[in-house]
>>> print(open('model_38.pdb').read())   # PDB, C-alpha atoms
ATOM      1  CA  MET A  11      43.664  13.341 -23.457
ATOM      2  CA  LYS A  12      44.202   9.599 -23.224
ATOM      3  CA  ILE A  13      43.959   7.938 -19.862
ATOM      4  CA  GLN A  14      44.384   4.380 -18.807
ATOM      5  CA  VAL A  15      42.591   2.722 -15.924
ATOM      6  CA  THR A  16      43.877  -0.665 -14.809
ATOM      7  CA  VAL A  17      41.501  -2.693 -12.666
ATOM      8  CA  THR A  18      42.697  -5.751 -10.751
ATOM      9  CA  PRO A  19      41.254  -7.958  -8.027
ATOM     10  CA  LYS A  20      42.060  -6.605  -4.576
ATOM     11  CA  SER A  21      44.827  -8.407  -2.804
ATOM     12  CA  GLY A  22      43.230 -11.021  -0.614
ATOM     13  CA  VAL A  23      40.330 -11.512  -3.003
ATOM     14  CA  LEU A  24      40.407 -14.882  -4.724
ATOM     15  CA  ASP A  25      41.175 -14.557  -8.445
ATOM     16  CA  PRO A  26      40.160 -17.821 -10.116
ATOM     17  CA  GLN A  27      41.260 -16.590 -13.559
ATOM     18  CA  GLY A  28      44.695 -15.557 -12.335
ATOM     19  CA  LYS A  29      45.073 -18.858 -10.536
ATOM     20  CA  ALA A  30      44.217 -20.834 -13.675
ATOM     21  CA  ILE A  31      46.657 -18.768 -15.733
ATOM     22  CA  ALA A  32      49.399 -19.300 -13.136
ATOM     23  CA  GLY A  33      48.767 -23.037 -13.363
ATOM     24  CA  ALA A  34      48.941 -22.966 -17.155
ATOM     25  CA  LEU A  35      52.187 -20.986 -17.108
ATOM     26  CA  GLY A  36      53.670 -23.605 -14.801
ATOM     27  CA  ARG A  37      52.617 -26.386 -17.164
ATOM     28  CA  LEU A  38      54.226 -24.501 -20.040
ATOM     29  CA  GLY A  39      57.537 -24.601 -18.230
ATOM     30  CA  PHE A  40      57.638 -21.079 -16.798
ATOM     31  CA  GLU A  41      59.122 -21.858 -13.459
ATOM     32  CA  GLY A  42      58.814 -19.779 -10.329
ATOM     33  CA  VAL A  43      55.472 -18.149 -11.105
ATOM     34  CA  ALA A  44      54.358 -17.294  -7.591
ATOM     35  CA  ASP A  45      51.111 -15.568  -8.466
ATOM     36  CA  VAL A  46      49.096 -14.085 -11.336
ATOM     37  CA  ARG A  47      46.364 -11.498 -10.939
ATOM     38  CA  ALA A  48      44.130 -11.049 -13.992
ATOM     39  CA  GLY A  49      42.419  -7.715 -14.498
ATOM     40  CA  LYS A  50      41.124  -5.310 -17.100
ATOM     41  CA  VAL A  51      42.573  -2.280 -18.845
ATOM     42  CA  PHE A  52      40.433   0.636 -20.044
ATOM     43  CA  ARG A  53      41.886   3.261 -22.382
ATOM     44  CA  VAL A  54      39.638   6.278 -22.457
ATOM     45  CA  ASP A  55      39.958   9.387 -24.560
ATOM     46  CA  VAL A  56      38.531  12.306 -22.573
ATOM     47  CA  ALA A  57      38.354  16.053 -22.941
ATOM     48  CA  ALA A  58      40.522  17.448 -20.161
ATOM     49  CA  SER A  59      42.600  20.608 -19.989
ATOM     50  CA  SER A  60      45.238  19.282 -17.607
ATOM     51  CA  THR A  61      46.810  16.054 -16.483
ATOM     52  CA  ALA A  62      45.365  16.591 -13.027
ATOM     53  CA  GLU A  63      41.876  16.974 -14.427
ATOM     54  CA  ALA A  64      42.257  13.866 -16.591
ATOM     55  CA  ARG A  65      43.462  11.935 -13.581
ATOM     56  CA  ALA A  66      40.510  13.106 -11.486
ATOM     57  CA  VAL A  67      38.028  12.171 -14.226
ATOM     58  CA  ALA A  68      39.584   8.727 -14.581
ATOM     59  CA  ALA A  69      39.434   8.138 -10.845
ATOM     60  CA  ALA A  70      35.763   9.137 -10.789
ATOM     61  CA  MET A  71      35.046   6.748 -13.669
ATOM     62  CA  ALA A  72      36.803   3.944 -11.838
ATOM     63  CA  GLU A  73      34.960   4.622  -8.586
ATOM     64  CA  LYS A  74      31.552   4.804 -10.216
ATOM     65  CA  LEU A  75      31.715   2.128 -12.876
ATOM     66  CA  LEU A  76      34.985   0.639 -14.098
ATOM     67  CA  ALA A  77      35.898  -1.005 -10.802
ATOM     68  CA  ASN A  78      33.757  -2.604  -8.128
ATOM     69  CA  PRO A  79      35.318  -1.357  -4.879
ATOM     70  CA  VAL A  80      34.119  -4.440  -3.008
ATOM     71  CA  ILE A  81      36.419  -6.734  -4.944
ATOM     72  CA  GLU A  82      38.682  -4.619  -7.139
ATOM     73  CA  GLU A  83      41.289  -1.899  -6.965
ATOM     74  CA  TYR A  84      42.434   0.406  -9.733
ATOM     75  CA  GLU A  85      45.323   2.492 -10.952
ATOM     76  CA  VAL A  86      45.131   5.532 -13.168
ATOM     77  CA  GLU A  87      47.719   6.556 -15.701
ATOM     78  CA  VAL A  88      47.671   9.538 -18.035
ATOM     79  CA  LEU A  89      49.017   8.462 -21.410
ATOM     80  CA  GLY A  90      49.043  11.992 -22.829
TER      81      GLY A  90
ATOM     82  CA  MET B   6     -10.819 -11.451   0.710
ATOM     83  CA  SER B   7      -7.200 -11.766  -0.203
ATOM     84  CA  ALA B   8      -6.348  -9.718  -3.256
ATOM     85  CA  ARG B   9      -3.979 -11.344  -5.700
ATOM     86  CA  PRO B  10      -0.402 -10.326  -4.986
ATOM     87  CA  ARG B  11       0.905  -7.979  -7.671
ATOM     88  CA  VAL B  12       4.344  -8.913  -8.908
ATOM     89  CA  SER B  13       6.446  -6.876 -11.320
ATOM     90  CA  VAL B  14       9.290  -8.682 -13.053
ATOM     91  CA  VAL B  15      11.910  -6.361 -14.510
ATOM     92  CA  VAL B  16      13.136  -7.257 -17.981
ATOM     93  CA  PHE B  17      16.645  -6.095 -18.830
ATOM     94  CA  PRO B  18      18.132  -6.612 -22.270
ATOM     95  CA  GLY B  19      19.536 -10.113 -21.831
ATOM     96  CA  SER B  20      17.229 -11.277 -19.042
ATOM     97  CA  ASN B  21      16.102 -14.808 -19.810
ATOM     98  CA  CYS B  22      14.253 -16.023 -16.728
ATOM     99  CA  ASP B  23      11.671 -13.240 -16.742
ATOM    100  CA  THR B  24       8.696 -15.195 -18.050
ATOM    101  CA  ASP B  25       9.659 -18.200 -15.911
ATOM    102  CA  ALA B  26       9.548 -15.966 -12.835
ATOM    103  CA  ALA B  27       6.192 -14.499 -13.868
ATOM    104  CA  HIS B  28       4.805 -17.992 -14.471
ATOM    105  CA  ALA B  29       6.147 -19.292 -11.156
ATOM    106  CA  VAL B  30       4.499 -16.586  -9.059
ATOM    107  CA  GLU B  31       1.245 -17.025 -10.951
ATOM    108  CA  ALA B  32       1.316 -20.791 -10.407
ATOM    109  CA  ALA B  33       2.596 -20.738  -6.823
ATOM    110  CA  ILE B  34       0.583 -17.922  -5.273
ATOM    111  CA  GLY B  35      -1.958 -16.913  -7.893
ATOM    112  CA  ALA B  36      -0.154 -13.631  -8.370
ATOM    113  CA  SER B  37      -0.952 -11.121 -11.033
ATOM    114  CA  ALA B  38       2.448 -10.819 -12.698
ATOM    115  CA  LYS B  39       3.579  -8.246 -15.190
ATOM    116  CA  LEU B  40       6.793  -7.722 -17.053
ATOM    117  CA  VAL B  41       8.329  -4.258 -16.786
ATOM    118  CA  TRP B  42      10.834  -3.176 -19.434
ATOM    119  CA  HIS B  43      14.052  -1.798 -17.986
ATOM    120  CA  GLY B  44      13.565   1.506 -19.798
ATOM    121  CA  ASP B  45      10.222   2.173 -18.106
ATOM    122  CA  HIS B  46       9.801   4.440 -15.135
ATOM    123  CA  ASP B  47       6.674   2.848 -13.768
ATOM    124  CA  LEU B  48       6.769  -0.364 -11.754
ATOM    125  CA  GLY B  49       2.973  -0.472 -11.627
ATOM    126  CA  ASP B  50       2.305  -0.432  -7.867
ATOM    127  CA  PRO B  51       3.552  -3.953  -7.116
ATOM    128  CA  ASP B  52       3.700  -5.873  -3.855
ATOM    129  CA  LEU B  53       6.894  -7.531  -5.030
ATOM    130  CA  VAL B  54       9.576  -6.689  -7.568
ATOM    131  CA  VAL B  55      11.600  -9.561  -9.034
ATOM    132  CA  LEU B  56      14.903  -8.998 -10.783
ATOM    133  CA  PRO B  57      15.204 -12.192 -12.816
ATOM    134  CA  GLY B  58      18.092 -14.304 -13.989
ATOM    135  CA  GLY B  59      19.847 -13.992 -17.304
ATOM    136  CA  PHE B  60      22.734 -12.073 -18.756
ATOM    137  CA  SER B  61      21.734  -8.433 -18.598
ATOM    138  CA  TYR B  62      23.800  -6.366 -21.007
ATOM    139  CA  GLY B  63      25.657  -9.515 -21.975
ATOM    140  CA  ASP B  64      27.404  -9.485 -18.588
ATOM    141  CA  TYR B  65      29.678  -6.813 -20.088
ATOM    142  CA  LEU B  66      32.174  -5.231 -17.696
ATOM    143  CA  ARG B  67      30.924  -7.292 -14.731
ATOM    144  CA  SER B  68      27.724  -9.253 -14.232
ATOM    145  CA  GLY B  69      24.991  -6.804 -13.287
ATOM    146  CA  ALA B  70      27.291  -3.788 -13.534
ATOM    147  CA  LEU B  71      25.468  -2.070 -16.388
ATOM    148  CA  ALA B  72      21.904  -3.068 -15.507
ATOM    149  CA  ARG B  73      22.048  -0.945 -12.405
ATOM    150  CA  PHE B  74      22.012   2.160 -14.624
ATOM    151  CA  SER B  75      18.772   1.143 -16.322
ATOM    152  CA  PRO B  76      16.090   3.814 -15.895
ATOM    153  CA  VAL B  77      13.788   1.452 -13.985
ATOM    154  CA  MET B  78      16.458   0.918 -11.315
ATOM    155  CA  ASP B  79      15.667   4.366  -9.889
ATOM    156  CA  GLU B  80      12.147   3.117  -9.249
ATOM    157  CA  VAL B  81      13.427  -0.175  -7.836
ATOM    158  CA  ARG B  82      15.686   1.767  -5.487
ATOM    159  CA  ALA B  83      12.812   3.983  -4.344
ATOM    160  CA  PHE B  84      10.529   0.957  -3.943
ATOM    161  CA  ALA B  85      13.134  -0.841  -1.836
ATOM    162  CA  ALA B  86      13.786   2.289   0.246
ATOM    163  CA  SER B  87      10.072   2.508   1.027
ATOM    164  CA  GLY B  88      10.180  -1.061   2.377
ATOM    165  CA  GLY B  89       8.872  -2.835  -0.729
ATOM    166  CA  ALA B  90       9.876  -6.477  -1.174
ATOM    167  CA  VAL B  91      12.538  -7.098  -3.830
ATOM    168  CA  LEU B  92      13.821 -10.522  -4.862
ATOM    169  CA  GLY B  93      16.920 -10.835  -7.042
ATOM    170  CA  ILE B  94      17.525 -14.224  -8.579
ATOM    171  CA  CYS B  95      20.937 -15.119 -10.032
ATOM    172  CA  ASN B  96      21.701 -12.199 -12.378
ATOM    173  CA  GLY B  97      19.135 -10.236 -10.366
ATOM    174  CA  PHE B  98      21.248 -10.872  -7.255
ATOM    175  CA  GLN B  99      24.313  -9.638  -9.139
ATOM    176  CA  VAL B 100      22.430  -6.489 -10.172
ATOM    177  CA  LEU B 101      21.331  -5.805  -6.576
ATOM    178  CA  CYS B 102      24.932  -6.135  -5.348
ATOM    179  CA  GLU B 103      26.258  -3.859  -8.079
ATOM    180  CA  ALA B 104      23.491  -1.358  -7.329
ATOM    181  CA  GLY B 105      24.497  -1.307  -3.672
ATOM    182  CA  LEU B 106      21.082  -2.579  -2.560
ATOM    183  CA  LEU B 107      22.759  -5.691  -1.176
ATOM    184  CA  PRO B 108      26.234  -6.023   0.325
ATOM    185  CA  GLY B 109      29.039  -7.942  -1.354
ATOM    186  CA  ALA B 110      29.885  -8.931  -4.907
ATOM    187  CA  LEU B 111      29.786 -12.050  -7.051
ATOM    188  CA  LEU B 112      33.049 -13.253  -8.519
ATOM    189  CA  ARG B 113      33.874 -15.858 -11.117
ATOM    190  CA  ASN B 114      33.198 -19.364  -9.787
ATOM    191  CA  ALA B 115      36.221 -20.760  -7.988
ATOM    192  CA  GLY B 116      36.355 -23.710 -10.400
ATOM    193  CA  LEU B 117      36.090 -21.304 -13.369
ATOM    194  CA  ARG B 118      33.293 -23.401 -14.851
ATOM    195  CA  PHE B 119      29.729 -22.414 -15.496
ATOM    196  CA  VAL B 120      27.838 -24.665 -13.083
ATOM    197  CA  CYS B 121      24.347 -25.851 -13.963
ATOM    198  CA  ARG B 122      22.902 -28.360 -11.522
ATOM    199  CA  ASP B 123      20.673 -28.809  -8.502
ATOM    200  CA  VAL B 124      22.057 -27.657  -5.180
ATOM    201  CA  HIS B 125      20.800 -27.819  -1.641
ATOM    202  CA  VAL B 126      20.521 -24.669   0.413
ATOM    203  CA  ARG B 127      19.686 -24.287   4.070
ATOM    204  CA  VAL B 128      17.393 -21.584   5.383
ATOM    205  CA  GLU B 129      19.560 -19.529   7.742
ATOM    206  CA  THR B 130      17.021 -16.943   8.833
ATOM    207  CA  ILE B 131      13.249 -16.711   8.720
ATOM    208  CA  ARG B 132      13.372 -12.947   9.165
ATOM    209  CA  THR B 133      12.693 -12.125   5.499
ATOM    210  CA  PRO B 134       9.411 -12.082   3.588
ATOM    211  CA  PHE B 135      10.612 -15.042   1.515
ATOM    212  CA  THR B 136      11.503 -17.316   4.409
ATOM    213  CA  ALA B 137       9.051 -16.196   7.092
ATOM    214  CA  GLU B 138       6.865 -19.281   6.660
ATOM    215  CA  LEU B 139       9.801 -21.670   6.642
ATOM    216  CA  THR B 140      11.817 -23.037   9.527
ATOM    217  CA  LYS B 141      15.436 -22.193  10.175
ATOM    218  CA  GLY B 142      17.436 -25.223   9.062
ATOM    219  CA  ASP B 143      15.005 -26.270   6.325
ATOM    220  CA  VAL B 144      16.842 -27.659   3.301
ATOM    221  CA  LEU B 145      15.605 -26.679  -0.159
ATOM    222  CA  ARG B 146      16.626 -28.187  -3.477
ATOM    223  CA  MET B 147      16.853 -25.725  -6.360
ATOM    224  CA  PRO B 148      18.997 -25.468  -9.467
ATOM    225  CA  ILE B 149      21.841 -23.053 -10.049
ATOM    226  CA  ALA B 150      23.086 -21.976 -13.467
ATOM    227  CA  HIS B 151      25.852 -19.426 -13.282
ATOM    228  CA  GLY B 152      29.477 -18.700 -14.032
ATOM    229  CA  GLU B 153      29.804 -15.921 -11.482
ATOM    230  CA  GLY B 154      28.174 -16.872  -8.225
ATOM    231  CA  ASN B 155      31.156 -16.821  -5.939
ATOM    232  CA  TYR B 156      29.962 -14.495  -3.182
ATOM    233  CA  GLU B 157      32.680 -12.296  -1.796
ATOM    234  CA  LEU B 158      32.780  -9.809   1.016
ATOM    235  CA  GLU B 159      35.738  -8.561   2.992
ATOM    236  CA  VAL B 160      36.023  -9.763   6.554
ATOM    237  CA  PRO B 161      34.810  -6.677   8.443
ATOM    238  CA  GLU B 162      31.713  -6.463   6.235
ATOM    239  CA  LEU B 163      31.219 -10.215   6.467
ATOM    240  CA  GLU B 164      31.215 -10.022  10.243
ATOM    241  CA  ASP B 165      28.710  -7.227  10.038
ATOM    242  CA  LEU B 166      26.541  -9.399   7.777
ATOM    243  CA  LEU B 167      26.709 -12.306  10.209
ATOM    244  CA  ASP B 168      26.054 -10.075  13.222
ATOM    245  CA  HIS B 169      22.864  -8.827  11.633
ATOM    246  CA  GLU B 170      21.647 -12.256  10.527
ATOM    247  CA  GLN B 171      21.680 -11.214   6.889
ATOM    248  CA  VAL B 172      22.743 -14.576   5.471
ATOM    249  CA  VAL B 173      19.472 -16.038   4.192
ATOM    250  CA  PHE B 174      20.681 -19.234   2.487
ATOM    251  CA  ARG B 175      23.842 -21.350   2.668
ATOM    252  CA  TYR B 176      24.936 -24.154   0.376
ATOM    253  CA  VAL B 177      24.751 -27.448   2.237
ATOM    254  CA  ARG B 178      24.821 -31.166   1.554
ATOM    255  CA  PRO B 179      21.466 -32.921   1.090
ATOM    256  CA  ASP B 180      21.391 -33.742   4.801
ATOM    257  CA  GLY B 181      21.679 -30.066   5.688
ATOM    258  CA  THR B 182      25.286 -30.130   6.878
ATOM    259  CA  ARG B 183      28.001 -27.842   5.567
ATOM    260  CA  GLY B 184      31.242 -29.188   4.188
ATOM    261  CA  GLU B 185      32.959 -30.913   1.296
ATOM    262  CA  GLY B 186      30.869 -31.061  -1.854
ATOM    263  CA  ALA B 187      28.236 -28.558  -0.747
ATOM    264  CA  ASN B 188      29.598 -25.286  -2.072
ATOM    265  CA  PRO B 189      29.413 -25.232  -5.895
ATOM    266  CA  ASN B 190      31.258 -21.985  -6.597
ATOM    267  CA  GLY B 191      33.635 -21.109  -3.778
ATOM    268  CA  SER B 192      31.319 -18.584  -2.119
ATOM    269  CA  ARG B 193      32.684 -17.178   1.071
ATOM    270  CA  ASP B 194      31.194 -18.893   4.112
ATOM    271  CA  ASP B 195      29.030 -21.050   1.766
ATOM    272  CA  ILE B 196      26.713 -18.085   1.240
ATOM    273  CA  ALA B 197      23.993 -18.641  -1.389
ATOM    274  CA  GLY B 198      21.720 -15.717  -0.549
ATOM    275  CA  VAL B 199      21.662 -12.573   1.583
ATOM    276  CA  CYS B 200      19.317  -9.776   2.568
ATOM    277  CA  ASN B 201      19.784  -6.098   3.283
ATOM    278  CA  ARG B 202      19.739  -4.653   6.778
ATOM    279  CA  ALA B 203      16.044  -3.736   6.453
ATOM    280  CA  ARG B 204      15.408  -7.365   5.365
ATOM    281  CA  ASN B 205      13.040  -6.482   2.499
ATOM    282  CA  VAL B 206      15.607  -7.005  -0.271
ATOM    283  CA  VAL B 207      16.808 -10.574  -0.819
ATOM    284  CA  GLY B 208      19.166 -11.957  -3.443
ATOM    285  CA  LEU B 209      20.131 -15.557  -4.120
ATOM    286  CA  MET B 210      21.998 -17.472  -6.799
ATOM    287  CA  PRO B 211      19.729 -20.560  -6.982
ATOM    288  CA  HIS B 212      16.597 -20.332  -9.107
ATOM    289  CA  PRO B 213      13.389 -20.794  -7.079
ATOM    290  CA  GLU B 214      11.311 -20.160 -10.203
ATOM    291  CA  ARG B 215      12.885 -23.192 -11.873
ATOM    292  CA  ALA B 216      11.892 -25.403  -8.961
ATOM    293  CA  ALA B 217       8.396 -24.154  -8.266
ATOM    294  CA  GLU B 218       6.340 -27.142  -9.450
ATOM    295  CA  GLU B 219       6.717 -30.896  -8.967
ATOM    296  CA  LEU B 220       6.748 -31.282 -12.731
ATOM    297  CA  LEU B 221      10.115 -29.504 -12.699
ATOM    298  CA  GLY B 222      11.652 -32.013 -10.304
ATOM    299  CA  SER B 223      11.341 -29.899  -7.187
ATOM    300  CA  ALA B 224       8.687 -27.586  -5.828
ATOM    301  CA  ASP B 225      10.876 -26.210  -3.056
ATOM    302  CA  GLY B 226      11.249 -22.854  -4.811
ATOM    303  CA  ALA B 227       7.505 -22.246  -4.490
ATOM    304  CA  LYS B 228       8.008 -22.109  -0.724
ATOM    305  CA  LEU B 229       9.751 -18.748  -1.100
ATOM    306  CA  PHE B 230       6.827 -17.316  -3.040
ATOM    307  CA  ARG B 231       4.233 -18.803  -0.692
ATOM    308  CA  SER B 232       6.162 -17.372   2.204
ATOM    309  CA  PHE B 233       6.053 -13.983   0.552
ATOM    310  CA  ALA B 234       2.297 -14.252  -0.058
ATOM    311  CA  ALA B 235       1.726 -15.164   3.600
ATOM    312  CA  SER B 236       3.881 -12.295   4.861
ATOM    313  CA  LEU B 237       1.927  -9.967   2.606
ATOM    314  CA  LEU B 238      -1.327 -10.997   4.279
ATOM    315  CA  VAL B 239       0.215 -10.366   7.684
ATOM    316  CA  ALA B 240       1.365  -6.930   6.534
ATOM    317  CA  ARG B 241      -2.093  -6.101   5.237
TER     318      ARG B 241
END
>>> encode(input="model_38.pdb", output="structure tokens")
Amino acid sequence: MKIQVTVTPKSGVLDPQGKAIAGALGRLGFEGVADVRAGKVFRVDVAASSTAEARAVAAAMAEKLLANPVIEEYEVEVLG
Amino acid sequence: MSARPRVSVVVFPGSNCDTDAAHAVEAAIGASAKLVWHGDHDLGDPDLVVLPGGFSYGDYLRSGALARFSPVMDEVRAFAASGGAVLGICNGFQVLCEAGLLPGALLRNAGLRFVCRDVHVRVETIRTPFTAELTKGDVLRMPIAHGEGNYELEVPELEDLLDHEQVVFRYVRPDGTRGEGANPNGSRDDIAGVCNRARNVVGLMPHPERAAEELLGSADGAKLFRSFAASLLVAR
């Protein structure tokens, strides 16, 4: 089963990359960019018998390795 | 009758300050230094474990994130839990944070650039083995060389850190004052180094081993190692 874990900087945590990208978008003429948060996406193919199990496995992966809970938050999606 | 301090320097794939650290402790305190491969399970009965600078595992995922799973980290954890002195320098600091041996995390520098230059740090507590022989307020000049040294901790944890006097070094101007121009990477509260609650594990972004002899432009870094050697004698 394919799962997707999206990791982004926690709100309130400074994101220098996102800030630089927001600045660049402004210079390119994209007006009204209030904020950009840059993160990472992990697509993982795991053996799981149900969506719930896949979701639980993905969350465990995020907690233990993919995200650093001090500075990042994550979202899990089951792609099927 | 002082035995030579035994120092084990852990070598991760991608460490690049390991032999510098070994040399610095040999030169500064006459230590017997050995390099320990990250895949080993034996630290070799050291008085001090150094996690050196570099780019362990290519900084993949996050700096220090993968090194914490190295086999030797179990031994480092056990050594630290038993009160053994651990010093994490630069990438070693990042590894200690990722491993949960130190609070906080190190983000990308606020200016996005890799910064390689001398900085001044102020000793904020002498209650660690590496600062015990120094004086609170002492200013040390040491180089930094990192892209991700922006120390971050959420406010409740930060307050906890401050309450327990766990900030060991802060970035300051040459005259020892905080403010404009002192903080090279955006670190919260100008923090350059911290210790754990038990005070035996210390991590810092500047490189004491690169400033441990006058020939290198500054010998201030040697003060950390000499401090450690002195605290070892007290402990013995």
>>> closest_residue(input="model_38.pdb", among="A:Ala64, A:Ala70, A:Leu75, A:Val56", to="chain B", atoms="all atoms listed in the file")
A:Leu75
>>> closest_residue(input="model_38.pdb", among="B:Pro108, B:Met147, B:Thr130, B:Arg113", to="Lys29 (chain A)", atoms="only C-alpha atoms")
B:Arg113
>>> interface_residues(input="model_38.pdb", of="chain A", to="chain B", cutoff="9 Å", atoms="all atoms listed in the file", output="list of chain:residue names")
A:Gly22, A:Val23, A:Leu24, A:Asp25, A:Pro26, A:Gln27, A:Ala30, A:Lys50, A:Leu75, A:Leu76, A:Ala77, A:Asn78, A:Val80, A:Ile81
>>> residues_around(input="model_38.pdb", residues="Val128 (chain B)", least_positions_apart="5", cutoff="8 Å", atoms="all atoms listed in the file", output="JSON, numbers by chain")
{"B": [136, 139, 140, 141, 142, 143, 144, 145, 173, 174, 175]}
>>> atom_distance(input="model_38.pdb", atom1="CA of Gly58 (chain B)", atom2="CA of Asp23 (chain B)")
7.1 Å
>>> resolve_selection(input="model_38.pdb", expression="the PyMOL selection byres ((chain B and resi 89) around 12)", output="PyMOL selection string")
chain B and resi 11-13+48+50-55+80-88+90-92+133-134+203-207+233+237+240
>>> atom_distance(input="model_38.pdb", atom1="CA of Gly226 (chain B)", atom2="CA of Asp168 (chain B)")
26.6 Å
>>> residues_around(input="model_38.pdb", residues="Ala36 (chain B)", least_positions_apart="3", cutoff="6 Å", atoms="only C-alpha atoms", output="JSON, numbers by chain")
{"B": [9, 10, 11, 30, 31]}
>>> residues_around(input="model_38.pdb", residues="Ser20 (chain B)", least_positions_apart="3", cutoff="6 Å", atoms="all atoms listed in the file", output="VMD selection string")
chain B and resid 16 to 17 58 to 61
>>> resolve_selection(input="model_38.pdb", expression="the PyMOL selection byres ((chain A and resi 52) around 12)", output="list in words")
Lys12, Ile13, Gln14, Val15, Thr16, Val17, Thr18, Gly49, Lys50, Val51, Arg53, Val54, Asp55, Ala68, Ala69, Met71, Ala72, Leu75, Leu76, Ala77, Tyr84, Glu85, Val86, Glu87, Val88 and Leu89 of chain A; Leu66 of chain B
>>> closest_residue(input="model_38.pdb", among="A:Gly33, A:Gly90, A:Gly39, A:Gly28", to="Met11 (chain A)", atoms="all atoms listed in the file")
A:Gly90
>>> residues_near_point(input="model_38.pdb", point="(16.1, -32.7, -9.4)", cutoff="9 Å", atoms="all atoms listed in the file", output="PDB file with C-alpha atoms, keeping the file's coordinate frame")
ATOM      1  CA  ARG B 122      22.902 -28.360 -11.522  1.00  0.00           C
ATOM      2  CA  ASP B 123      20.673 -28.809  -8.502  1.00  0.00           C
ATOM      3  CA  VAL B 124      22.057 -27.657  -5.180  1.00  0.00           C
ATOM      4  CA  ARG B 146      16.626 -28.187  -3.477  1.00  0.00           C
ATOM      5  CA  MET B 147      16.853 -25.725  -6.360  1.00  0.00           C
ATOM      6  CA  PRO B 148      18.997 -25.468  -9.467  1.00  0.00           C
ATOM      7  CA  ALA B 216      11.892 -25.403  -8.961  1.00  0.00           C
ATOM      8  CA  LEU B 221      10.115 -29.504 -12.699  1.00  0.00           C
ATOM      9  CA  GLY B 222      11.652 -32.013 -10.304  1.00  0.00           C
ATOM     10  CA  SER B 223      11.341 -29.899  -7.187  1.00  0.00           C
TER      11      SER B 223
END
